[in-house]
file work-v6.csv (CSV, C-alpha atoms)
chain,number,residue,atom,x,y,z
A,13,MET,CA,96.0,-66.7,-30.0
A,14,PRO,CA,98.8,-64.1,-30.0
A,15,ARG,CA,98.4,-61.3,-27.6
A,16,VAL,CA,99.5,-57.7,-28.0
A,17,VAL,CA,100.1,-55.8,-24.8
A,18,VAL,CA,99.8,-52.0,-24.5
A,19,ASP,CA,101.4,-50.5,-21.4
A,20,VAL,CA,100.3,-47.0,-20.6
A,21,MET,CA,102.2,-45.1,-17.9
A,22,PRO,CA,102.2,-41.5,-16.7
A,23,LYS,CA,105.0,-39.5,-18.2
A,24,PRO,CA,108.0,-39.2,-15.8
A,25,GLU,CA,107.5,-35.5,-15.4
A,26,ILE,CA,103.8,-35.9,-14.6
A,27,LEU,CA,102.7,-36.2,-10.9
A,28,ASP,CA,101.4,-39.7,-10.3
A,29,PRO,CA,99.1,-39.4,-7.3
A,30,GLN,CA,98.2,-43.1,-7.3
A,31,GLY,CA,101.8,-44.2,-7.3
A,32,LYS,CA,102.5,-41.7,-4.5
A,33,ALA,CA,99.6,-43.1,-2.5
A,34,VAL,CA,101.0,-46.7,-2.8
A,35,LEU,CA,104.5,-45.5,-2.0
A,36,GLY,CA,103.3,-43.6,1.1
A,37,ALA,CA,101.4,-46.7,2.4
A,38,LEU,CA,104.3,-49.1,2.1
A,39,PRO,CA,106.0,-48.3,5.5
A,40,ARG,CA,102.7,-48.7,7.3
A,41,LEU,CA,102.3,-52.1,5.7
A,42,GLY,CA,105.8,-53.1,6.8
A,43,PHE,CA,107.4,-52.9,3.3
A,44,THR,CA,110.7,-51.0,3.1
A,45,GLY,CA,113.3,-50.4,0.3
A,46,VAL,CA,111.0,-49.4,-2.5
A,47,THR,CA,112.1,-45.9,-3.6
A,48,GLU,CA,109.5,-45.1,-6.3
A,49,VAL,CA,106.1,-46.5,-7.4
A,50,ARG,CA,104.3,-45.5,-10.6
A,51,GLN,CA,100.9,-46.9,-11.5
A,52,GLY,CA,99.5,-47.1,-15.0
A,53,LYS,CA,97.3,-49.3,-17.2
A,54,ARG,CA,97.9,-52.5,-19.0
A,55,PHE,CA,95.8,-53.6,-22.0
A,56,GLU,CA,95.9,-57.1,-23.5
A,57,LEU,CA,94.5,-57.3,-27.0
A,58,GLU,CA,93.9,-60.6,-28.8
A,59,ILE,CA,94.2,-60.6,-32.5
A,60,PRO,CA,93.9,-63.5,-35.0
A,61,GLU,CA,97.4,-62.9,-36.4
A,62,VAL,CA,100.4,-60.6,-35.7
A,63,THR,CA,101.0,-58.7,-38.9
A,64,ASP,CA,102.7,-55.3,-39.4
A,65,ALA,CA,99.3,-53.9,-40.4
A,66,ALA,CA,97.7,-55.2,-37.2
A,67,LEU,CA,100.5,-53.8,-35.1
A,68,ALA,CA,100.3,-50.4,-36.9
A,69,GLN,CA,96.6,-50.3,-36.2
A,70,ILE,CA,97.1,-51.1,-32.5
A,71,GLU,CA,99.8,-48.3,-32.3
A,72,LYS,CA,97.2,-45.9,-33.7
A,73,LEU,CA,94.6,-47.2,-31.3
A,74,ALA,CA,96.9,-46.7,-28.4
A,75,GLU,CA,97.9,-43.2,-29.5
A,76,THR,CA,94.3,-42.1,-30.1
A,77,PHE,CA,92.2,-44.0,-27.6
A,78,LEU,CA,94.1,-46.0,-25.0
A,79,ALA,CA,96.6,-43.4,-23.9
A,80,ASN,CA,96.3,-39.7,-23.3
A,81,THR,CA,99.5,-38.8,-25.0
A,82,VAL,CA,99.6,-35.3,-23.4
A,83,ILE,CA,100.3,-36.9,-20.0
A,84,GLU,CA,101.0,-40.6,-20.8
A,85,ASN,CA,103.6,-42.7,-22.6
A,86,PHE,CA,102.7,-46.0,-24.2
A,87,VAL,CA,104.6,-49.1,-25.3
A,88,VAL,CA,103.2,-51.7,-27.6
A,89,ARG,CA,104.7,-55.2,-27.6
A,90,VAL,CA,103.8,-58.8,-28.6
A,91,GLU,CA,103.6,-61.2,-25.7
A,92,GLU,CA,103.7,-64.9,-26.2
A,93,PRO,CA,101.0,-66.5,-24.0
A,94,ALA,CA,103.4,-69.0,-22.5
A,95,GLN,CA,105.6,-66.2,-21.1
A,96,GLU,CA,102.9,-65.1,-18.6
A,97,THR,CA,103.0,-67.3,-15.5
A,98,THR,CA,100.0,-66.0,-13.7
A,99,ARG,CA,99.5,-66.8,-10.0
B,29,MET,CA,118.0,-48.3,-10.9
B,30,PRO,CA,116.5,-51.7,-11.6
B,31,ARG,CA,112.8,-51.7,-12.0
B,32,VAL,CA,110.3,-54.4,-10.9
B,33,VAL,CA,107.0,-54.5,-12.8
B,34,VAL,CA,103.8,-55.9,-11.2
B,35,ASP,CA,101.1,-56.6,-13.8
B,36,VAL,CA,97.6,-57.0,-12.3
B,37,MET,CA,94.9,-58.4,-14.6
B,38,PRO,CA,91.3,-59.5,-14.0
B,39,LYS,CA,91.1,-63.3,-13.8
B,40,PRO,CA,90.0,-64.8,-17.1
B,41,GLU,CA,86.7,-66.0,-15.6
B,42,ILE,CA,85.9,-62.5,-14.2
B,43,LEU,CA,83.8,-60.1,-16.3
B,44,ASP,CA,86.0,-57.1,-17.3
B,45,PRO,CA,83.6,-54.2,-18.0
B,46,GLN,CA,86.5,-51.8,-18.9
B,47,GLY,CA,87.9,-54.2,-21.4
B,48,LYS,CA,84.4,-54.8,-22.9
B,49,ALA,CA,83.9,-51.1,-23.2
B,50,VAL,CA,87.1,-50.6,-25.1
B,51,LEU,CA,86.3,-53.7,-27.3
B,52,GLY,CA,82.8,-52.3,-28.0
B,53,ALA,CA,84.2,-48.9,-29.0
B,54,LEU,CA,86.7,-50.2,-31.6
B,55,PRO,CA,84.4,-50.6,-34.6
B,56,ARG,CA,83.0,-47.1,-34.1
B,57,LEU,CA,86.6,-45.8,-34.1
B,58,GLY,CA,87.4,-47.7,-37.3
B,59,PHE,CA,89.5,-50.5,-35.7
B,60,THR,CA,88.7,-54.0,-36.8
B,61,GLY,CA,90.3,-57.4,-36.1
B,62,VAL,CA,90.7,-57.2,-32.3
B,63,THR,CA,88.8,-60.1,-30.8
B,64,GLU,CA,89.3,-59.5,-27.1
B,65,VAL,CA,90.5,-56.6,-24.9
B,66,ARG,CA,91.3,-56.9,-21.2
B,67,GLN,CA,92.3,-53.9,-19.0
B,68,GLY,CA,94.4,-54.1,-15.9
B,69,LYS,CA,97.0,-52.2,-13.8
B,70,ARG,CA,100.7,-51.9,-14.2
B,71,PHE,CA,102.9,-51.0,-11.3
B,72,GLU,CA,106.6,-50.0,-11.7
B,73,LEU,CA,108.5,-50.2,-8.5
B,74,GLU,CA,112.1,-49.0,-8.2
B,75,ILE,CA,114.4,-50.7,-5.7
B,76,PRO,CA,118.1,-50.1,-5.0
B,77,GLU,CA,119.0,-53.7,-5.8
B,78,VAL,CA,117.3,-56.8,-7.1
B,79,THR,CA,117.7,-59.5,-4.5
B,80,ASP,CA,115.6,-62.6,-3.7
B,81,ALA,CA,114.5,-61.0,-0.5
B,82,ALA,CA,113.4,-57.8,-2.3
B,83,LEU,CA,111.5,-59.8,-4.9
B,84,ALA,CA,109.9,-61.9,-2.2
B,85,GLN,CA,108.8,-58.7,-0.4
B,86,ILE,CA,107.3,-57.4,-3.7
B,87,GLU,CA,105.5,-60.7,-4.3
B,88,LYS,CA,103.9,-60.3,-0.8
B,89,LEU,CA,103.1,-56.6,-1.5
B,90,ALA,CA,101.4,-57.6,-4.7
B,91,GLU,CA,99.5,-60.4,-3.1
B,92,THR,CA,98.3,-58.3,-0.1
B,93,PHE,CA,98.0,-54.8,-1.5
B,94,LEU,CA,98.4,-54.3,-5.2
B,95,ALA,CA,96.1,-57.0,-6.4
B,96,ASN,CA,92.8,-58.3,-5.1
B,97,THR,CA,93.6,-62.0,-5.5
B,98,VAL,CA,89.9,-62.9,-5.3
B,99,ILE,CA,89.3,-61.4,-8.8
B,100,GLU,CA,92.8,-60.6,-10.1
B,101,ASN,CA,96.0,-62.4,-11.1
B,102,PHE,CA,99.4,-60.8,-10.8
B,103,VAL,CA,102.8,-61.3,-12.4
B,104,VAL,CA,106.0,-59.9,-10.9
B,105,ARG,CA,109.0,-59.5,-13.2
B,106,VAL,CA,112.2,-57.5,-13.3
B,107,GLU,CA,112.4,-55.2,-16.3
B,108,GLU,CA,115.7,-53.7,-17.5
B,109,PRO,CA,115.2,-49.9,-18.1
B,110,ALA,CA,116.7,-50.1,-21.6
B,111,GLN,CA,114.0,-52.5,-22.7
B,112,GLU,CA,111.3,-49.9,-22.5
B,113,THR,CA,111.3,-47.7,-25.6
B,114,THR,CA,108.6,-45.2,-24.6
B,115,ARG,CA,107.0,-43.0,-27.3
call {"tool": "encode", "arguments": {"input": "work-v6.csv", "output": "structure tokens"}}
result
Amino acid sequence: MPRVVVDVMPKPEILDPQGKAVLGALPRLGFTGVTEVRQGKRFELEIPEVTDAALAQIEKLAETFLANTVIENFVVRVEEPAQETTR
Amino acid sequence: MPRVVVDVMPKPEILDPQGKAVLGALPRLGFTGVTEVRQGKRFELEIPEVTDAALAQIEKLAETFLANTVIENFVVRVEEPAQETTR
């Protein structure tokens, strides 16, 4: 079953308190060298078939429901299941 | 600046109430054809240079801090900035 991924991230100019909290904790945990951390949401939607109409519908869904476009950007892309090597 | 993305998703066998809530709302919003929705977190980490050591460190960070590996899977990958066409 093809999977469509919607990544929703805070806009660059928007303060990202969650990302800042993670960034601030890194030295204490012994992690160095990370200069910036931003945290957002990832949605995985399964659809029977990837068509232009289905993708257009998901774009609209992302714009109206999954993302708050005042403070967030979103990216819609098709992800082949094999590409994700989960651990 | 290269960006490393850590995608954290609930394990398939774990109930995903947020995903179910989104899935349940779709018909009411006029969206049809989506058979499954899962919601997770996306972290974008910026590092000065992508090296094996840096990636190993981020893997460890993901395993110990960004993901709860009892109920979540994570995937670490390098994303070239140009690839992301935000809207």
call {"tool": "interface_residues", "arguments": {"input": "work-v6.csv", "of": "chain B", "to": "chain A", "cutoff": "8 Å", "atoms": "all atoms listed in the file", "output": "mmCIF file with C-alpha atoms, in the coordinates of the input"}}
result
data_model
loop_
_atom_site.group_PDB
_atom_site.id
_atom_site.type_symbol
_atom_site.label_atom_id
_atom_site.label_comp_id
_atom_site.auth_asym_id
_atom_site.auth_seq_id
_atom_site.Cartn_x
_atom_site.Cartn_y
_atom_site.Cartn_z
ATOM 1 C CA ASP B 35 101.100 -56.600 -13.800
ATOM 2 C CA MET B 37 94.900 -58.400 -14.600
ATOM 3 C CA GLY B 47 87.900 -54.200 -21.400
ATOM 4 C CA PHE B 59 89.500 -50.500 -35.700
ATOM 5 C CA GLY B 61 90.300 -57.400 -36.100
ATOM 6 C CA VAL B 62 90.700 -57.200 -32.300
ATOM 7 C CA THR B 63 88.800 -60.100 -30.800
ATOM 8 C CA GLU B 64 89.300 -59.500 -27.100
ATOM 9 C CA VAL B 65 90.500 -56.600 -24.900
ATOM 10 C CA ARG B 66 91.300 -56.900 -21.200
ATOM 11 C CA GLN B 67 92.300 -53.900 -19.000
ATOM 12 C CA GLY B 68 94.400 -54.100 -15.900
ATOM 13 C CA LYS B 69 97.000 -52.200 -13.800
ATOM 14 C CA ARG B 70 100.700 -51.900 -14.200
ATOM 15 C CA PHE B 71 102.900 -51.000 -11.300
ATOM 16 C CA GLU B 72 106.600 -50.000 -11.700
ATOM 17 C CA LEU B 73 108.500 -50.200 -8.500
ATOM 18 C CA GLU B 74 112.100 -49.000 -8.200
ATOM 19 C CA ILE B 75 114.400 -50.700 -5.700
ATOM 20 C CA PRO B 76 118.100 -50.100 -5.000
ATOM 21 C CA ALA B 82 113.400 -57.800 -2.300
ATOM 22 C CA GLN B 85 108.800 -58.700 -0.400
ATOM 23 C CA LEU B 89 103.100 -56.600 -1.500
ATOM 24 C CA ASN B 101 96.000 -62.400 -11.100
ATOM 25 C CA PHE B 102 99.400 -60.800 -10.800
ATOM 26 C CA VAL B 103 102.800 -61.300 -12.400
ATOM 27 C CA GLU B 112 111.300 -49.900 -22.500
ATOM 28 C CA THR B 113 111.300 -47.700 -25.600
ATOM 29 C CA THR B 114 108.600 -45.200 -24.600
ATOM 30 C CA ARG B 115 107.000 -43.000 -27.300
#
call {"tool": "calpha_fit_and_write", "arguments": {"input": "work-v6.csv", "fixed": "chain B", "moving": "chain A", "output": "PDB file with C-alpha atoms, in the coordinates of the input"}}
result
ATOM      1  CA  MET A  13     118.055 -48.263 -10.993  1.00  0.00           C
ATOM      2  CA  PRO A  14     116.462 -51.683 -11.599  1.00  0.00           C
ATOM      3  CA  ARG A  15     112.769 -51.703 -11.947  1.00  0.00           C
ATOM      4  CA  VAL A  16     110.332 -54.395 -10.878  1.00  0.00           C
ATOM      5  CA  VAL A  17     107.052 -54.474 -12.735  1.00  0.00           C
ATOM      6  CA  VAL A  18     103.812 -55.869 -11.261  1.00  0.00           C
ATOM      7  CA  ASP A  19     101.075 -56.596 -13.792  1.00  0.00           C
ATOM      8  CA  VAL A  20      97.646 -57.020 -12.321  1.00  0.00           C
ATOM      9  CA  MET A  21      94.877 -58.329 -14.586  1.00  0.00           C
ATOM     10  CA  PRO A  22      91.319 -59.512 -14.003  1.00  0.00           C
ATOM     11  CA  LYS A  23      91.080 -63.252 -13.788  1.00  0.00           C
ATOM     12  CA  PRO A  24      89.941 -64.814 -17.121  1.00  0.00           C
ATOM     13  CA  GLU A  25      86.688 -65.965 -15.640  1.00  0.00           C
ATOM     14  CA  ILE A  26      85.916 -62.528 -14.198  1.00  0.00           C
ATOM     15  CA  LEU A  27      83.804 -60.045 -16.286  1.00  0.00           C
ATOM     16  CA  ASP A  28      86.011 -57.161 -17.340  1.00  0.00           C
ATOM     17  CA  PRO A  29      83.631 -54.282 -17.993  1.00  0.00           C
ATOM     18  CA  GLN A  30      86.415 -51.861 -18.936  1.00  0.00           C
ATOM     19  CA  GLY A  31      87.892 -54.209 -21.482  1.00  0.00           C
ATOM     20  CA  LYS A  32      84.387 -54.803 -22.876  1.00  0.00           C
ATOM     21  CA  ALA A  33      83.840 -51.062 -23.147  1.00  0.00           C
ATOM     22  CA  VAL A  34      87.106 -50.631 -25.186  1.00  0.00           C
ATOM     23  CA  LEU A  35      86.273 -53.641 -27.324  1.00  0.00           C
ATOM     24  CA  GLY A  36      82.750 -52.333 -28.056  1.00  0.00           C
ATOM     25  CA  ALA A  37      84.130 -48.879 -29.094  1.00  0.00           C
ATOM     26  CA  LEU A  38      86.695 -50.191 -31.534  1.00  0.00           C
ATOM     27  CA  PRO A  39      84.356 -50.555 -34.614  1.00  0.00           C
ATOM     28  CA  ARG A  40      83.066 -47.037 -34.111  1.00  0.00           C
ATOM     29  CA  LEU A  41      86.632 -45.788 -34.098  1.00  0.00           C
ATOM     30  CA  GLY A  42      87.369 -47.665 -37.323  1.00  0.00           C
ATOM     31  CA  PHE A  43      89.527 -50.419 -35.708  1.00  0.00           C
ATOM     32  CA  THR A  44      88.690 -53.992 -36.744  1.00  0.00           C
ATOM     33  CA  GLY A  45      90.289 -57.444 -36.050  1.00  0.00           C
ATOM     34  CA  VAL A  46      90.749 -57.196 -32.328  1.00  0.00           C
ATOM     35  CA  THR A  47      88.801 -60.120 -30.804  1.00  0.00           C
ATOM     36  CA  GLU A  48      89.311 -59.502 -27.056  1.00  0.00           C
ATOM     37  CA  VAL A  49      90.496 -56.598 -24.844  1.00  0.00           C
ATOM     38  CA  ARG A  50      91.274 -56.905 -21.132  1.00  0.00           C
ATOM     39  CA  GLN A  51      92.341 -53.921 -19.061  1.00  0.00           C
ATOM     40  CA  GLY A  52      94.314 -54.111 -15.848  1.00  0.00           C
ATOM     41  CA  LYS A  53      96.978 -52.227 -13.880  1.00  0.00           C
ATOM     42  CA  ARG A  54     100.670 -51.943 -14.232  1.00  0.00           C
ATOM     43  CA  PHE A  55     102.947 -50.964 -11.320  1.00  0.00           C
ATOM     44  CA  GLU A  56     106.618 -50.026 -11.710  1.00  0.00           C
ATOM     45  CA  LEU A  57     108.591 -50.216  -8.497  1.00  0.00           C
ATOM     46  CA  GLU A  58     112.161 -48.934  -8.186  1.00  0.00           C
ATOM     47  CA  ILE A  59     114.377 -50.645  -5.748  1.00  0.00           C
ATOM     48  CA  PRO A  60     118.091 -50.064  -4.959  1.00  0.00           C
ATOM     49  CA  GLU A  61     119.021 -53.673  -5.781  1.00  0.00           C
ATOM     50  CA  VAL A  62     117.290 -56.835  -7.119  1.00  0.00           C
ATOM     51  CA  THR A  63     117.757 -59.460  -4.454  1.00  0.00           C
ATOM     52  CA  ASP A  64     115.637 -62.576  -3.745  1.00  0.00           C
ATOM     53  CA  ALA A  65     114.542 -60.923  -0.491  1.00  0.00           C
ATOM     54  CA  ALA A  66     113.432 -57.781  -2.331  1.00  0.00           C
ATOM     55  CA  LEU A  67     111.562 -59.812  -4.898  1.00  0.00           C
ATOM     56  CA  ALA A  68     109.885 -61.938  -2.158  1.00  0.00           C
ATOM     57  CA  GLN A  69     108.775 -58.771  -0.446  1.00  0.00           C
ATOM     58  CA  ILE A  70     107.328 -57.327  -3.671  1.00  0.00           C
ATOM     59  CA  GLU A  71     105.442 -60.680  -4.280  1.00  0.00           C
ATOM     60  CA  LYS A  72     103.922 -60.282  -0.815  1.00  0.00           C
ATOM     61  CA  LEU A  73     103.113 -56.665  -1.504  1.00  0.00           C
ATOM     62  CA  ALA A  74     101.404 -57.566  -4.701  1.00  0.00           C
ATOM     63  CA  GLU A  75      99.439 -60.411  -3.118  1.00  0.00           C
ATOM     64  CA  THR A  76      98.314 -58.303  -0.149  1.00  0.00           C
ATOM     65  CA  PHE A  77      98.006 -54.766  -1.440  1.00  0.00           C
ATOM     66  CA  LEU A  78      98.389 -54.316  -5.184  1.00  0.00           C
ATOM     67  CA  ALA A  79      96.102 -57.060  -6.392  1.00  0.00           C
ATOM     68  CA  ASN A  80      92.765 -58.290  -5.170  1.00  0.00           C
ATOM     69  CA  THR A  81      93.583 -61.919  -5.485  1.00  0.00           C
ATOM     70  CA  VAL A  82      89.887 -62.976  -5.283  1.00  0.00           C
ATOM     71  CA  ILE A  83      89.283 -61.440  -8.731  1.00  0.00           C
ATOM     72  CA  GLU A  84      92.804 -60.607 -10.046  1.00  0.00           C
ATOM     73  CA  ASN A  85      95.960 -62.416 -11.132  1.00  0.00           C
ATOM     74  CA  PHE A  86      99.363 -60.817 -10.786  1.00  0.00           C
ATOM     75  CA  VAL A  87     102.784 -61.332 -12.354  1.00  0.00           C
ATOM     76  CA  VAL A  88     105.958 -59.937 -10.943  1.00  0.00           C
ATOM     77  CA  ARG A  89     108.986 -59.512 -13.213  1.00  0.00           C
ATOM     78  CA  VAL A  90     112.276 -57.536 -13.410  1.00  0.00           C
ATOM     79  CA  GLU A  91     112.449 -55.116 -16.295  1.00  0.00           C
ATOM     80  CA  GLU A  92     115.694 -53.688 -17.471  1.00  0.00           C
ATOM     81  CA  PRO A  93     115.222 -49.933 -18.080  1.00  0.00           C
ATOM     82  CA  ALA A  94     116.730 -50.086 -21.539  1.00  0.00           C
ATOM     83  CA  GLN A  95     114.058 -52.566 -22.704  1.00  0.00           C
ATOM     84  CA  GLU A  96     111.269 -49.937 -22.451  1.00  0.00           C
ATOM     85  CA  THR A  97     111.217 -47.768 -25.574  1.00  0.00           C
ATOM     86  CA  THR A  98     108.629 -45.272 -24.572  1.00  0.00           C
ATOM     87  CA  ARG A  99     107.014 -43.034 -27.211  1.00  0.00           C
TER      88      ARG A  99
END
call {"tool": "atom_distance", "arguments": {"input": "work-v6.csv", "atom1": "atom CA of B:Ala81", "atom2": "atom CA of A:Pro22"}}
result
28.2 Å
call {"tool": "atom_distance", "arguments": {"input": "work-v6.csv", "atom1": "atom CA of A:Val82", "atom2": "atom CA of A:Ile26"}}
result
9.8 Å
call {"tool": "atom_distance", "arguments": {"input": "work-v6.csv", "atom1": "atom CA of B:Leu83", "atom2": "atom CA of B:Ala95"}}
result
15.7 Å
call {"tool": "build_atoms", "arguments": {"input": "work-v6.csv", "residues": "stretch 16-37 of chain A", "atoms": "N, CA and C atoms", "output": "PDB file, in the coordinates of the input"}}
result
ATOM      1  N   VAL A  16      98.726 -58.950 -27.902  1.00  0.00           N
ATOM      2  CA  VAL A  16      99.500 -57.700 -28.000  1.00  0.00           C
ATOM      3  C   VAL A  16      99.223 -56.927 -26.700  1.00  0.00           C
ATOM      4  N   VAL A  17     100.291 -56.503 -26.054  1.00  0.00           N
ATOM      5  CA  VAL A  17     100.100 -55.800 -24.800  1.00  0.00           C
ATOM      6  C   VAL A  17     100.459 -54.300 -25.031  1.00  0.00           C
ATOM      7  N   VAL A  18      99.600 -53.433 -24.493  1.00  0.00           N
ATOM      8  CA  VAL A  18      99.800 -52.000 -24.500  1.00  0.00           C
ATOM      9  C   VAL A  18      99.985 -51.516 -23.093  1.00  0.00           C
ATOM     10  N   ASP A  19     101.162 -51.069 -22.753  1.00  0.00           N
ATOM     11  CA  ASP A  19     101.400 -50.500 -21.400  1.00  0.00           C
ATOM     12  C   ASP A  19     101.322 -49.005 -21.485  1.00  0.00           C
ATOM     13  N   VAL A  20     100.461 -48.448 -20.663  1.00  0.00           N
ATOM     14  CA  VAL A  20     100.300 -47.000 -20.600  1.00  0.00           C
ATOM     15  C   VAL A  20     100.712 -46.488 -19.254  1.00  0.00           C
ATOM     16  N   MET A  21     101.735 -45.631 -19.229  1.00  0.00           N
ATOM     17  CA  MET A  21     102.200 -45.100 -17.900  1.00  0.00           C
ATOM     18  C   MET A  21     102.248 -43.597 -17.956  1.00  0.00           C
ATOM     19  N   PRO A  22     102.084 -42.967 -16.790  1.00  0.00           N
ATOM     20  CA  PRO A  22     102.200 -41.500 -16.700  1.00  0.00           C
ATOM     21  C   PRO A  22     103.609 -41.089 -17.162  1.00  0.00           C
ATOM     22  N   LYS A  23     103.707 -39.986 -17.860  1.00  0.00           N
ATOM     23  CA  LYS A  23     105.000 -39.500 -18.200  1.00  0.00           C
ATOM     24  C   LYS A  23     105.846 -39.204 -16.988  1.00  0.00           C
ATOM     25  N   PRO A  24     107.164 -39.410 -17.043  1.00  0.00           N
ATOM     26  CA  PRO A  24     108.000 -39.200 -15.800  1.00  0.00           C
ATOM     27  C   PRO A  24     107.795 -37.873 -15.169  1.00  0.00           C
ATOM     28  N   GLU A  25     107.593 -36.843 -15.991  1.00  0.00           N
ATOM     29  CA  GLU A  25     107.500 -35.500 -15.400  1.00  0.00           C
ATOM     30  C   GLU A  25     106.126 -35.201 -14.814  1.00  0.00           C
ATOM     31  N   ILE A  26     105.184 -36.118 -15.052  1.00  0.00           N
ATOM     32  CA  ILE A  26     103.800 -35.900 -14.600  1.00  0.00           C
ATOM     33  C   ILE A  26     103.643 -36.461 -13.174  1.00  0.00           C
ATOM     34  N   LEU A  27     103.009 -35.719 -12.283  1.00  0.00           N
ATOM     35  CA  LEU A  27     102.700 -36.200 -10.900  1.00  0.00           C
ATOM     36  C   LEU A  27     101.833 -37.444 -11.017  1.00  0.00           C
ATOM     37  N   ASP A  28     102.175 -38.486 -10.262  1.00  0.00           N
ATOM     38  CA  ASP A  28     101.400 -39.700 -10.300  1.00  0.00           C
ATOM     39  C   ASP A  28     100.802 -39.962  -8.901  1.00  0.00           C
ATOM     40  N   PRO A  29      99.635 -39.349  -8.614  1.00  0.00           N
ATOM     41  CA  PRO A  29      99.100 -39.400  -7.300  1.00  0.00           C
ATOM     42  C   PRO A  29      98.828 -40.882  -6.801  1.00  0.00           C
ATOM     43  N   GLN A  30      98.407 -41.750  -7.740  1.00  0.00           N
ATOM     44  CA  GLN A  30      98.200 -43.100  -7.300  1.00  0.00           C
ATOM     45  C   GLN A  30      99.463 -43.805  -6.893  1.00  0.00           C
ATOM     46  N   GLY A  31     100.495 -43.599  -7.685  1.00  0.00           N
ATOM     47  CA  GLY A  31     101.800 -44.200  -7.300  1.00  0.00           C
ATOM     48  C   GLY A  31     102.287 -43.635  -6.004  1.00  0.00           C
ATOM     49  N   LYS A  32     102.104 -42.343  -5.805  1.00  0.00           N
ATOM     50  CA  LYS A  32     102.500 -41.700  -4.500  1.00  0.00           C
ATOM     51  C   LYS A  32     101.759 -42.310  -3.357  1.00  0.00           C
ATOM     52  N   ALA A  33     100.465 -42.565  -3.580  1.00  0.00           N
ATOM     53  CA  ALA A  33      99.600 -43.100  -2.500  1.00  0.00           C
ATOM     54  C   ALA A  33     100.137 -44.507  -2.107  1.00  0.00           C
ATOM     55  N   VAL A  34     100.466 -45.305  -3.114  1.00  0.00           N
ATOM     56  CA  VAL A  34     101.000 -46.700  -2.800  1.00  0.00           C
ATOM     57  C   VAL A  34     102.316 -46.550  -2.099  1.00  0.00           C
ATOM     58  N   LEU A  35     103.189 -45.672  -2.615  1.00  0.00           N
ATOM     59  CA  LEU A  35     104.500 -45.500  -2.000  1.00  0.00           C
ATOM     60  C   LEU A  35     104.389 -45.083  -0.534  1.00  0.00           C
ATOM     61  N   GLY A  36     103.447 -44.159  -0.287  1.00  0.00           N
ATOM     62  CA  GLY A  36     103.300 -43.600   1.100  1.00  0.00           C
ATOM     63  C   GLY A  36     102.741 -44.715   2.034  1.00  0.00           C
ATOM     64  N   ALA A  37     101.991 -45.679   1.499  1.00  0.00           N
ATOM     65  CA  ALA A  37     101.400 -46.700   2.400  1.00  0.00           C
ATOM     66  C   ALA A  37     102.361 -47.820   2.723  1.00  0.00           C
TER      67      ALA A  37
END
